[in-house]
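Have a look at work.pdb; it's PDB, C-alpha atoms and all ligand atoms:
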ATOM      1  CA  MET Q 180     -14.366 202.046 209.793  1.00  0.00           C
ATOM      2  CA  SER Q 181     -14.732 199.031 207.528  1.00  0.00           C
ATOM      3  CA  ARG Q 182     -17.206 196.811 209.361  1.00  0.00           C
ATOM      4  CA  GLU Q 183     -20.928 197.347 209.099  1.00  0.00           C
ATOM      5  CA  GLY Q 184     -22.667 198.509 212.240  1.00  0.00           C
ATOM      6  CA  LEU Q 185     -25.529 196.767 213.996  1.00  0.00           C
ATOM      7  CA  LEU Q 186     -29.186 197.458 213.410  1.00  0.00           C
ATOM      8  CA  VAL Q 187     -30.681 197.571 216.897  1.00  0.00           C
ATOM      9  CA  ILE Q 188     -34.379 197.727 217.688  1.00  0.00           C
ATOM     10  CA  VAL Q 189     -35.415 199.017 221.093  1.00  0.00           C
ATOM     11  CA  CYS Q 190     -39.065 198.504 221.952  1.00  0.00           C
ATOM     12  CA  GLY Q 191     -41.127 198.969 225.029  1.00  0.00           C
ATOM     13  CA  PRO Q 192     -44.474 200.441 225.946  1.00  0.00           C
ATOM     14  CA  SER Q 193     -45.103 204.164 225.962  1.00  0.00           C
ATOM     15  CA  GLY Q 194     -43.849 205.538 229.294  1.00  0.00           C
ATOM     16  CA  VAL Q 195     -41.249 202.828 229.941  1.00  0.00           C
ATOM     17  CA  GLY Q 196     -38.486 205.433 229.667  1.00  0.00           C
ATOM     18  CA  LYS Q 197     -36.972 204.640 226.272  1.00  0.00           C
ATOM     19  CA  GLY Q 198     -35.909 208.236 225.647  1.00  0.00           C
ATOM     20  CA  THR Q 199     -34.054 208.514 228.965  1.00  0.00           C
ATOM     21  CA  ILE Q 200     -32.324 205.167 228.528  1.00  0.00           C
ATOM     22  CA  LEU Q 201     -31.273 205.890 224.975  1.00  0.00           C
ATOM     23  CA  SER Q 202     -29.736 209.233 226.003  1.00  0.00           C
ATOM     24  CA  ALA Q 203     -27.827 207.503 228.799  1.00  0.00           C
ATOM     25  CA  LEU Q 204     -26.666 204.853 226.313  1.00  0.00           C
ATOM     26  CA  LYS Q 205     -25.353 207.512 223.954  1.00  0.00           C
ATOM     27  CA  GLU Q 206     -23.189 208.921 226.755  1.00  0.00           C
ATOM     28  CA  ARG Q 207     -21.587 205.499 227.143  1.00  0.00           C
ATOM     29  CA  ASN Q 208     -21.171 204.585 223.528  1.00  0.00           C
ATOM     30  CA  GLY Q 209     -19.957 206.962 220.843  1.00  0.00           C
ATOM     31  CA  ASN Q 210     -20.576 204.509 218.026  1.00  0.00           C
ATOM     32  CA  ILE Q 211     -24.351 204.694 218.086  1.00  0.00           C
ATOM     33  CA  ARG Q 212     -26.676 206.805 216.000  1.00  0.00           C
ATOM     34  CA  TYR Q 213     -30.419 207.240 216.344  1.00  0.00           C
ATOM     35  CA  SER Q 214     -32.729 207.087 213.397  1.00  0.00           C
ATOM     36  CA  ILE Q 215     -35.317 209.883 213.322  1.00  0.00           C
ATOM     37  CA  SER Q 216     -38.752 208.597 212.362  1.00  0.00           C
ATOM     38  CA  ALA Q 217     -41.446 210.200 210.273  1.00  0.00           C
ATOM     39  CA  THR Q 218     -44.827 210.567 211.963  1.00  0.00           C
ATOM     40  CA  THR Q 219     -48.266 212.042 211.386  1.00  0.00           C
ATOM     41  CA  ARG Q 220     -48.662 212.705 215.137  1.00  0.00           C
ATOM     42  CA  SER Q 221     -48.684 216.369 216.210  1.00  0.00           C
ATOM     43  CA  PRO Q 222     -45.538 217.612 217.961  1.00  0.00           C
ATOM     44  CA  ARG Q 223     -45.657 217.624 221.783  1.00  0.00           C
ATOM     45  CA  GLN Q 224     -44.512 220.707 223.588  1.00  0.00           C
ATOM     46  CA  GLY Q 225     -40.764 221.097 223.119  1.00  0.00           C
ATOM     47  CA  GLU Q 226     -40.517 218.675 220.202  1.00  0.00           C
ATOM     48  CA  GLU Q 227     -38.829 219.895 217.031  1.00  0.00           C
ATOM     49  CA  ASP Q 228     -39.171 218.854 213.425  1.00  0.00           C
ATOM     50  CA  GLY Q 229     -36.064 217.003 212.264  1.00  0.00           C
ATOM     51  CA  VAL Q 230     -34.873 216.476 215.857  1.00  0.00           C
ATOM     52  CA  ASN Q 231     -37.510 214.337 217.578  1.00  0.00           C
ATOM     53  CA  TYR Q 232     -39.405 213.346 214.453  1.00  0.00           C
ATOM     54  CA  PHE Q 233     -40.019 214.444 210.893  1.00  0.00           C
ATOM     55  CA  PHE Q 234     -43.595 215.649 211.328  1.00  0.00           C
ATOM     56  CA  LYS Q 235     -45.637 214.879 208.219  1.00  0.00           C
ATOM     57  CA  THR Q 236     -49.183 215.217 206.987  1.00  0.00           C
ATOM     58  CA  ARG Q 237     -51.031 212.017 206.203  1.00  0.00           C
ATOM     59  CA  GLU Q 238     -50.637 212.728 202.471  1.00  0.00           C
ATOM     60  CA  GLU Q 239     -46.883 213.274 202.790  1.00  0.00           C
ATOM     61  CA  PHE Q 240     -46.554 210.063 204.785  1.00  0.00           C
ATOM     62  CA  GLU Q 241     -48.523 208.088 202.206  1.00  0.00           C
ATOM     63  CA  GLU Q 242     -46.253 209.486 199.511  1.00  0.00           C
ATOM     64  CA  MET Q 243     -43.199 208.222 201.440  1.00  0.00           C
ATOM     65  CA  ILE Q 244     -44.743 204.733 201.603  1.00  0.00           C
ATOM     66  CA  LYS Q 245     -45.500 204.820 197.890  1.00  0.00           C
ATOM     67  CA  ASN Q 246     -41.915 205.829 197.045  1.00  0.00           C
ATOM     68  CA  ASP Q 247     -40.498 203.024 199.228  1.00  0.00           C
ATOM     69  CA  GLU Q 248     -38.723 205.590 201.407  1.00  0.00           C
ATOM     70  CA  LEU Q 249     -39.570 203.749 204.637  1.00  0.00           C
ATOM     71  CA  ILE Q 250     -38.081 200.408 205.716  1.00  0.00           C
ATOM     72  CA  GLU Q 251     -41.104 199.828 207.940  1.00  0.00           C
ATOM     73  CA  TRP Q 252     -44.124 201.723 209.135  1.00  0.00           C
ATOM     74  CA  ASP Q 253     -46.988 201.169 211.536  1.00  0.00           C
ATOM     75  CA  GLU Q 254     -50.155 202.787 212.806  1.00  0.00           C
ATOM     76  CA  TYR Q 255     -50.164 203.462 216.547  1.00  0.00           C
ATOM     77  CA  CYS Q 256     -53.039 205.084 218.456  1.00  0.00           C
ATOM     78  CA  GLY Q 257     -54.417 206.626 215.264  1.00  0.00           C
ATOM     79  CA  ASN Q 258     -51.126 208.002 213.875  1.00  0.00           C
ATOM     80  CA  PHE Q 259     -48.578 206.703 211.388  1.00  0.00           C
ATOM     81  CA  TYR Q 260     -44.923 206.206 212.288  1.00  0.00           C
ATOM     82  CA  GLY Q 261     -42.173 205.026 209.933  1.00  0.00           C
ATOM     83  CA  THR Q 262     -38.400 204.571 209.646  1.00  0.00           C
ATOM     84  CA  PRO Q 263     -36.668 206.386 206.761  1.00  0.00           C
ATOM     85  CA  ARG Q 264     -34.592 203.980 204.694  1.00  0.00           C
ATOM     86  CA  SER Q 265     -31.688 206.079 203.412  1.00  0.00           C
ATOM     87  CA  TYR Q 266     -30.344 207.255 206.789  1.00  0.00           C
ATOM     88  CA  VAL Q 267     -30.435 203.755 208.300  1.00  0.00           C
ATOM     89  CA  GLU Q 268     -28.772 201.985 205.396  1.00  0.00           C
ATOM     90  CA  GLN Q 269     -26.034 204.588 204.879  1.00  0.00           C
ATOM     91  CA  THR Q 270     -25.183 204.910 208.562  1.00  0.00           C
ATOM     92  CA  ILE Q 271     -24.868 201.161 209.085  1.00  0.00           C
ATOM     93  CA  LYS Q 272     -22.562 200.954 206.055  1.00  0.00           C
ATOM     94  CA  GLN Q 273     -20.372 203.620 207.670  1.00  0.00           C
ATOM     95  CA  GLY Q 274     -19.919 201.288 210.657  1.00  0.00           C
ATOM     96  CA  TYR Q 275     -22.210 202.960 213.176  1.00  0.00           C
ATOM     97  CA  ASP Q 276     -24.771 201.042 215.205  1.00  0.00           C
ATOM     98  CA  VAL Q 277     -28.196 202.414 214.395  1.00  0.00           C
ATOM     99  CA  ILE Q 278     -30.915 202.325 217.012  1.00  0.00           C
ATOM    100  CA  LEU Q 279     -34.577 202.230 216.065  1.00  0.00           C
ATOM    101  CA  GLU Q 280     -37.103 203.014 218.750  1.00  0.00           C
ATOM    102  CA  ILE Q 281     -40.270 201.565 217.238  1.00  0.00           C
ATOM    103  CA  THR Q 282     -43.527 199.676 217.879  1.00  0.00           C
ATOM    104  CA  VAL Q 283     -43.696 195.907 218.268  1.00  0.00           C
ATOM    105  CA  GLU Q 284     -45.349 195.521 214.871  1.00  0.00           C
ATOM    106  CA  GLY Q 285     -42.625 197.654 213.280  1.00  0.00           C
ATOM    107  CA  ALA Q 286     -39.961 195.555 215.005  1.00  0.00           C
ATOM    108  CA  LEU Q 287     -41.419 192.331 213.641  1.00  0.00           C
ATOM    109  CA  ASN Q 288     -41.376 193.778 210.127  1.00  0.00           C
ATOM    110  CA  ILE Q 289     -37.736 194.833 210.511  1.00  0.00           C
ATOM    111  CA  LYS Q 290     -36.827 191.351 211.758  1.00  0.00           C
ATOM    112  CA  LYS Q 291     -38.263 189.807 208.600  1.00  0.00           C
ATOM    113  CA  LYS Q 292     -36.288 192.174 206.358  1.00  0.00           C
ATOM    114  CA  TYR Q 293     -33.072 192.313 208.417  1.00  0.00           C
ATOM    115  CA  PRO Q 294     -32.770 188.955 210.237  1.00  0.00           C
ATOM    116  CA  ASP Q 295     -29.363 190.016 211.516  1.00  0.00           C
ATOM    117  CA  CYS Q 296     -30.789 192.839 213.617  1.00  0.00           C
ATOM    118  CA  VAL Q 297     -30.670 192.849 217.424  1.00  0.00           C
ATOM    119  CA  SER Q 298     -33.962 193.334 219.263  1.00  0.00           C
ATOM    120  CA  ILE Q 299     -34.295 194.526 222.834  1.00  0.00           C
ATOM    121  CA  PHE Q 300     -37.499 194.913 224.844  1.00  0.00           C
ATOM    122  CA  LEU Q 301     -37.632 197.300 227.786  1.00  0.00           C
ATOM    123  CA  LEU Q 302     -40.084 196.451 230.567  1.00  0.00           C
ATOM    124  CA  PRO Q 303     -41.276 198.680 233.398  1.00  0.00           C
ATOM    125  CA  PRO Q 304     -40.565 197.491 236.959  1.00  0.00           C
ATOM    126  CA  SER Q 305     -44.363 196.952 237.255  1.00  0.00           C
ATOM    127  CA  PHE Q 306     -47.515 197.782 235.331  1.00  0.00           C
ATOM    128  CA  ALA Q 307     -48.605 200.140 238.129  1.00  0.00           C
ATOM    129  CA  GLU Q 308     -45.345 202.063 237.743  1.00  0.00           C
ATOM    130  CA  LEU Q 309     -45.925 202.342 233.990  1.00  0.00           C
ATOM    131  CA  ARG Q 310     -49.368 203.842 234.592  1.00  0.00           C
ATOM    132  CA  ARG Q 311     -47.842 206.295 237.074  1.00  0.00           C
ATOM    133  CA  ARG Q 312     -45.185 207.390 234.562  1.00  0.00           C
ATOM    134  CA  ILE Q 313     -47.671 207.914 231.712  1.00  0.00           C
ATOM    135  CA  VAL Q 314     -50.085 209.879 233.897  1.00  0.00           C
ATOM    136  CA  GLY Q 315     -47.191 211.822 235.497  1.00  0.00           C
ATOM    137  CA  ARG Q 316     -45.892 212.936 232.099  1.00  0.00           C
ATOM    138  CA  GLY Q 317     -49.008 215.136 231.946  1.00  0.00           C
ATOM    139  CA  THR Q 318     -48.776 215.636 228.181  1.00  0.00           C
ATOM    140  CA  GLU Q 319     -51.755 213.482 227.151  1.00  0.00           C
ATOM    141  CA  SER Q 320     -55.507 213.585 227.648  1.00  0.00           C
ATOM    142  CA  ASP Q 321     -57.306 210.868 229.695  1.00  0.00           C
ATOM    143  CA  GLU Q 322     -58.554 209.268 226.513  1.00  0.00           C
ATOM    144  CA  ILE Q 323     -55.050 209.013 225.061  1.00  0.00           C
ATOM    145  CA  ILE Q 324     -53.663 207.713 228.364  1.00  0.00           C
ATOM    146  CA  THR Q 325     -56.261 204.906 228.353  1.00  0.00           C
ATOM    147  CA  LYS Q 326     -55.406 204.080 224.717  1.00  0.00           C
ATOM    148  CA  ARG Q 327     -51.684 204.016 225.498  1.00  0.00           C
ATOM    149  CA  LEU Q 328     -52.156 201.753 228.517  1.00  0.00           C
ATOM    150  CA  GLU Q 329     -54.222 199.324 226.450  1.00  0.00           C
ATOM    151  CA  ALA Q 330     -51.563 199.391 223.714  1.00  0.00           C
ATOM    152  CA  ALA Q 331     -48.873 198.836 226.382  1.00  0.00           C
ATOM    153  CA  ARG Q 332     -50.580 195.698 227.672  1.00  0.00           C
ATOM    154  CA  LYS Q 333     -50.736 194.235 224.159  1.00  0.00           C
ATOM    155  CA  GLU Q 334     -47.114 195.170 223.424  1.00  0.00           C
ATOM    156  CA  ILE Q 335     -45.813 193.640 226.644  1.00  0.00           C
ATOM    157  CA  GLU Q 336     -47.555 190.355 225.795  1.00  0.00           C
ATOM    158  CA  GLN Q 337     -45.231 190.099 222.777  1.00  0.00           C
ATOM    159  CA  VAL Q 338     -42.029 190.189 224.815  1.00  0.00           C
ATOM    160  CA  ASP Q 339     -41.206 186.627 223.697  1.00  0.00           C
ATOM    161  CA  LYS Q 340     -40.491 187.863 220.149  1.00  0.00           C
ATOM    162  CA  TYR Q 341     -37.322 189.706 221.258  1.00  0.00           C
ATOM    163  CA  ASP Q 342     -33.705 188.631 221.618  1.00  0.00           C
ATOM    164  CA  TYR Q 343     -33.197 190.467 224.917  1.00  0.00           C
ATOM    165  CA  VAL Q 344     -35.408 191.721 227.717  1.00  0.00           C
ATOM    166  CA  VAL Q 345     -34.308 194.386 230.197  1.00  0.00           C
ATOM    167  CA  ILE Q 346     -36.320 195.722 233.137  1.00  0.00           C
ATOM    168  CA  ASN Q 347     -35.889 199.477 233.375  1.00  0.00           C
ATOM    169  CA  ASP Q 348     -35.671 199.966 237.129  1.00  0.00           C
ATOM    170  CA  TYR Q 349     -32.580 202.182 237.375  1.00  0.00           C
ATOM    171  CA  VAL Q 350     -31.498 204.299 234.412  1.00  0.00           C
ATOM    172  CA  GLU Q 351     -27.735 203.790 234.829  1.00  0.00           C
ATOM    173  CA  LYS Q 352     -28.064 200.034 235.246  1.00  0.00           C
ATOM    174  CA  THR Q 353     -30.420 199.689 232.301  1.00  0.00           C
ATOM    175  CA  ALA Q 354     -28.191 201.779 230.018  1.00  0.00           C
ATOM    176  CA  ASP Q 355     -25.189 199.644 231.055  1.00  0.00           C
ATOM    177  CA  SER Q 356     -27.144 196.488 230.174  1.00  0.00           C
ATOM    178  CA  LEU Q 357     -27.955 197.802 226.710  1.00  0.00           C
ATOM    179  CA  ASN Q 358     -24.326 198.729 226.176  1.00  0.00           C
ATOM    180  CA  TYR Q 359     -23.168 195.226 227.204  1.00  0.00           C
ATOM    181  CA  ILE Q 360     -25.672 193.709 224.782  1.00  0.00           C
ATOM    182  CA  LEU Q 361     -24.217 195.724 221.893  1.00  0.00           C
ATOM    183  CA  HIS Q 362     -20.658 194.780 222.840  1.00  0.00           C
ATOM    184  CA  SER Q 363     -21.525 191.085 223.142  1.00  0.00           C
ATOM    185  CA  GLU Q 364     -23.358 191.039 219.826  1.00  0.00           C
ATOM    186  CA  LYS Q 365     -20.203 192.265 218.097  1.00  0.00           C
ATOM    187  CA  LEU Q 366     -18.255 189.313 219.482  1.00  0.00           C
ATOM    188  CA  LYS Q 367     -20.581 186.698 217.966  1.00  0.00           C
ATOM    189  CA  TYR Q 368     -18.748 184.386 215.597  1.00  0.00           C
ATOM    190  CA  THR Q 369     -21.385 184.956 212.917  1.00  0.00           C
ATOM    191  CA  ARG Q 370     -20.312 188.603 212.841  1.00  0.00           C
ATOM    192  CA  ASN Q 371     -16.617 187.634 212.845  1.00  0.00           C
ATOM    193  CA  THR Q 372     -16.281 184.898 210.248  1.00  0.00           C
ATOM    194  CA  ASP Q 373     -13.019 186.507 209.039  1.00  0.00           C
ATOM    195  CA  VAL Q 374     -11.407 186.244 212.465  1.00  0.00           C
ATOM    196  CA  LEU Q 375      -8.731 183.732 211.370  1.00  0.00           C
ATOM    197  CA  GLN Q 376      -7.630 186.034 208.574  1.00  0.00           C
ATOM    198  CA  ARG Q 377      -7.442 188.889 211.023  1.00  0.00           C
ATOM    199  CA  ILE Q 378      -4.975 187.038 213.220  1.00  0.00           C
ATOM    200  CA  GLY Q 379      -2.936 185.926 210.195  1.00  0.00           C
ATOM    201  CA  MET Q 380      -3.885 182.239 210.196  1.00  0.00           C
ATOM    202  CA  LYS Q 381      -5.704 182.244 206.865  1.00  0.00           C
ATOM    203  CA  ASP Q 382      -5.270 184.127 203.588  1.00  0.00           C
TER     204      ASP Q 382
HETATM  205  P1  LIG Q 401     -44.690 208.570 220.671  1.00  0.00           P
HETATM  206  O1  LIG Q 401     -45.962 209.119 220.056  1.00  0.00           O
HETATM  207  O2  LIG Q 401     -44.837 208.309 222.146  1.00  0.00           O
HETATM  208  O3  LIG Q 401     -43.485 209.397 220.325  1.00  0.00           O
HETATM  209  O4  LIG Q 401     -44.448 207.136 220.004  1.00  0.00           O
HETATM  210  C1  LIG Q 401     -45.451 206.189 220.005  1.00  0.00           C
HETATM  211  C2  LIG Q 401     -44.885 204.851 219.592  1.00  0.00           C
HETATM  212  O5  LIG Q 401     -44.426 204.892 218.247  1.00  0.00           O
HETATM  213  C3  LIG Q 401     -43.673 204.423 220.440  1.00  0.00           C
HETATM  214  O6  LIG Q 401     -43.839 203.052 220.808  1.00  0.00           O
HETATM  215  C4  LIG Q 401     -42.510 204.583 219.485  1.00  0.00           C
HETATM  216  O7  LIG Q 401     -41.468 203.686 219.787  1.00  0.00           O
HETATM  217  C5  LIG Q 401     -43.169 204.253 218.171  1.00  0.00           C
HETATM  218  N1  LIG Q 401     -42.430 204.733 217.003  1.00  0.00           N
HETATM  219  C6  LIG Q 401     -41.695 205.865 216.880  1.00  0.00           C
HETATM  220  N2  LIG Q 401     -41.147 205.928 215.664  1.00  0.00           N
HETATM  221  C7  LIG Q 401     -41.519 204.803 214.989  1.00  0.00           C
HETATM  222  C8  LIG Q 401     -41.235 204.278 213.682  1.00  0.00           C
HETATM  223  O8  LIG Q 401     -40.515 204.839 212.872  1.00  0.00           O
HETATM  224  N3  LIG Q 401     -41.821 203.093 213.364  1.00  0.00           N
HETATM  225  C9  LIG Q 401     -42.630 202.421 214.208  1.00  0.00           C
HETATM  226  N4  LIG Q 401     -43.126 201.256 213.799  1.00  0.00           N
HETATM  227  N5  LIG Q 401     -42.890 202.864 215.459  1.00  0.00           N
HETATM  228  C10 LIG Q 401     -42.345 204.049 215.836  1.00  0.00           C
END
Mind turning the file's structure into structure tokens?
Amino acid sequence: MSREGLLVIVCGPSGVGKGTILSALKERNGNIRYSISATTRSPRQGEEDGVNYFFKTREEFEEMIKNDELIEWDEYCGNFYGTPRSYVEQTIKQGYDVILEITVEGALNIKKKYPDCVSIFLLPPSFAELRRRIVGRGTESDEIITKRLEAARKEIEQVDKYDYVVINDYVEKTADSLNYILHSEKLKYTRNTDVLQRIGMKD
């Protein structure tokens, strides 16, 4: 593969179903890779180090920031989250599309550093449904649920900062939409300025 892959940011409030959609997207598209973030949050039941996240102490995380090992980082509900640089940069160079599932603040920082990135915001079908999903997950205390709902409201208000917005009502439909977005992005002229050479009309 010679062409660089896309850097794709997928945002959306906690509970919108990002994990489910991104798994369904992977089934449709073999060219995507997911970046694994570093976090100081404790693992939830079933989460594994190096699979869901790289779980770090606060000191280890601060060391990563100091060594410029993260392309962005953010504090969310009292924990740090950050995107490791080396995996993202190498994988894009190899031609894969790399998906970052990060906070709004993190997304805005990535956009400043990588203006060519593609940003997608996932919305719930309604705010009531979002509350139902977060409560139904049953993995968080009432206090954390309240914090996450407040954070969700603030994040959703920033939907205008994204290139694309997709309402996650049905998993299959939403995953298809994300896949179409990736395909369309690759057809943009700005990503194909050598197109005349490719068809033999220019040296
Ligand atoms: P959770 O604790 O539910 O796994 O994630 C909480 C929030 O942190 C989610 O909105 C998730 O997208 C975001 N997040 C996960 N990894 C990163 C990261 O590397 N950077 C930033 N900025 N946000 C992240």
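For the point (-41.5, 201.8, 204.0), the residues with an atom at a distance of at most 12 Å are Ser216, Ala217, Phe240, Glu241, Glu242, Met243, Ile244, Lys245, Asn246, Asp247, Glu248, Leu249, Ile250, Glu251, Trp252, Asp253, Phe259, Tyr260, Gly261, Thr262, Pro263, Arg264, Ser265, Gly285, Asn288, Ile289 and Lys292 of chain Q, counting all atoms listed in the file.
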Using the file's own x, y and z axes, so that the box edges lie along x, y and z, what centre and edge lengths in Å (one decimal) does a box around every listed atom of ligand LIG 401 (chain Q) get when 8 Å is added on each side? Give it as lines of an AutoDock Vina configuration file.
center_x = -43.2
center_y = 205.3
center_z = 217.5
size_x = 21.4
size_y = 24.1
size_z = 25.3
ask   = How far is it from atom CA of Asp339 of chain Q to atom CA of Leu301 of chain Q, in Å with one decimal?
value = 12.0 Å
request  = List the residues selected by the PyMOL selection byres (((chain Q and resi 198) around 12) and not hetatm) in the file shown, writing them as a PyMOL selection string.
outcome  = chain Q and resi 189-197+199-205+213+231+278-281+301+347+350+354
message = Which residues are near segment 221-227 of chain Q? Cut-off 12 Å, only C-alpha atoms, ignore same chain within fewer than 5 positions. Put them as a ChimeraX atom specification.
response = /Q:215,232-237,257-260,316-319
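Residues in contact with Leu328 of chain Q at 12 Å, where all atoms listed in the file are counted and same-chain residues fewer than 6 positions away are skipped, are listed as Gly191, Pro192, Ser193, Gly194, Val195, Cys256, Phe306, Ala307, Glu308, Leu309, Arg310, Arg311, Arg312, Ile313, Val314, Glu319, Asp321, Glu322, Glu334 and Ile335 of chain Q.
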ask   = When distances are computed from all atoms listed in the file, which of Q:Asp382, Q:Ile360, Q:Asp342, Q:Gln376 shows the smallest separation from Pro294 of chain Q?
value = Q:Asp342
Nearest-residue call for ligand LIG 401 (chain Q), choices Q:Lys326, Q:Arg207, Q:Lys272, Q:Arg212, using only C-alpha atoms and all ligand atoms = Q:Lys326
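Pairwise distance (atom CA of Leu357 of chain Q, atom CA of Glu206 of chain Q) equals 12.1 Å.
Across the structure, atom C3 of ligand LIG 401 (chain Q) and atom CA of Glu254 of chain Q are spaced 10.1 Å apart.
Considering all atoms listed in the file, the residue among Q:Val345, Q:Leu366, Q:Ile378, Q:Ile324 positioned nearest to ligand LIG 401 (chain Q) is Q:Ile324.
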query = For this file, the PyMOL selection byres (((chain Q and resi 295) around 10) and not hetatm) selects which residues, as JSON, numbers by chain?
reply = {"Q": [185, 186, 187, 289, 290, 291, 292, 293, 294, 296, 297, 298, 369, 370]}
task = Using all atoms listed in the file, find the one residue out of Q:Glu329, Q:Glu268, Q:Glu238, Q:Glu284 that sits nearest to ligand LIG 401 (chain Q).
result = Q:Glu284
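In this comparison, which uses all atoms listed in the file, the residue of Q:Lys365, Q:Arg182, Q:Arg220, Q:Lys352 approaching ligand LIG 401 (chain Q) most closely is Q:Arg220.
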ask   = Which one of Q:Val283, Q:Ile299, Q:Val338, Q:Met380 sits closest to ligand LIG 401 (chain Q) if you count all atoms listed in the file?
value = Q:Val283
To verify the selection step, state as a PDB file with C-alpha atoms, in the coordinates of the input which residues the PyMOL selection byres (((chain Q and resi 273) around 8) and not hetatm) yields on this input.
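To be explicit, this is the file written out as part.pdb:
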ATOM      1  CA  MET Q 180     -14.366 202.046 209.793  1.00  0.00           C
ATOM      2  CA  SER Q 181     -14.732 199.031 207.528  1.00  0.00           C
ATOM      3  CA  ARG Q 182     -17.206 196.811 209.361  1.00  0.00           C
ATOM      4  CA  GLU Q 183     -20.928 197.347 209.099  1.00  0.00           C
ATOM      5  CA  GLY Q 184     -22.667 198.509 212.240  1.00  0.00           C
ATOM      6  CA  GLN Q 269     -26.034 204.588 204.879  1.00  0.00           C
ATOM      7  CA  THR Q 270     -25.183 204.910 208.562  1.00  0.00           C
ATOM      8  CA  ILE Q 271     -24.868 201.161 209.085  1.00  0.00           C
ATOM      9  CA  LYS Q 272     -22.562 200.954 206.055  1.00  0.00           C
ATOM     10  CA  GLY Q 274     -19.919 201.288 210.657  1.00  0.00           C
ATOM     11  CA  TYR Q 275     -22.210 202.960 213.176  1.00  0.00           C
TER      12      TYR Q 275
END
N, CA and C atoms are needed for segment 339-350 of chain Q; please write them out as a CSV table (one decimal), in the coordinates of the input.
chain,number,residue,atom,x,y,z
Q,339,ASP,N,-41.9,187.9,224.1
Q,339,ASP,CA,-41.2,186.6,223.7
Q,339,ASP,C,-40.6,186.7,222.3
Q,340,LYS,N,-41.0,187.7,221.5
Q,340,LYS,CA,-40.5,187.9,220.1
Q,340,LYS,C,-39.1,188.5,220.1
Q,341,TYR,N,-38.6,188.9,221.2
Q,341,TYR,CA,-37.3,189.7,221.3
Q,341,TYR,C,-36.1,188.9,221.6
Q,342,ASP,N,-34.9,189.3,221.3
Q,342,ASP,CA,-33.7,188.6,221.6
Q,342,ASP,C,-33.4,188.9,223.1
Q,343,TYR,N,-33.6,190.1,223.5
Q,343,TYR,CA,-33.2,190.5,224.9
Q,343,TYR,C,-34.3,191.2,225.6
Q,344,VAL,N,-34.4,191.0,226.9
Q,344,VAL,CA,-35.4,191.7,227.7
Q,344,VAL,C,-34.7,192.4,228.9
Q,345,VAL,N,-35.0,193.7,229.1
Q,345,VAL,CA,-34.3,194.4,230.2
Q,345,VAL,C,-35.4,195.1,231.0
Q,346,ILE,N,-35.4,195.0,232.3
Q,346,ILE,CA,-36.3,195.7,233.1
Q,346,ILE,C,-35.7,197.1,233.5
Q,347,ASN,N,-36.4,198.1,233.1
Q,347,ASN,CA,-35.9,199.5,233.4
Q,347,ASN,C,-36.3,199.9,234.8
Q,348,ASP,N,-35.4,199.5,235.8
Q,348,ASP,CA,-35.7,200.0,237.1
Q,348,ASP,C,-34.8,201.2,237.5
Q,349,TYR,N,-33.5,201.1,237.1
Q,349,TYR,CA,-32.6,202.2,237.4
Q,349,TYR,C,-31.9,202.6,236.1
Q,350,VAL,N,-32.0,203.8,235.7
Q,350,VAL,CA,-31.5,204.3,234.4
Q,350,VAL,C,-30.1,203.8,234.1
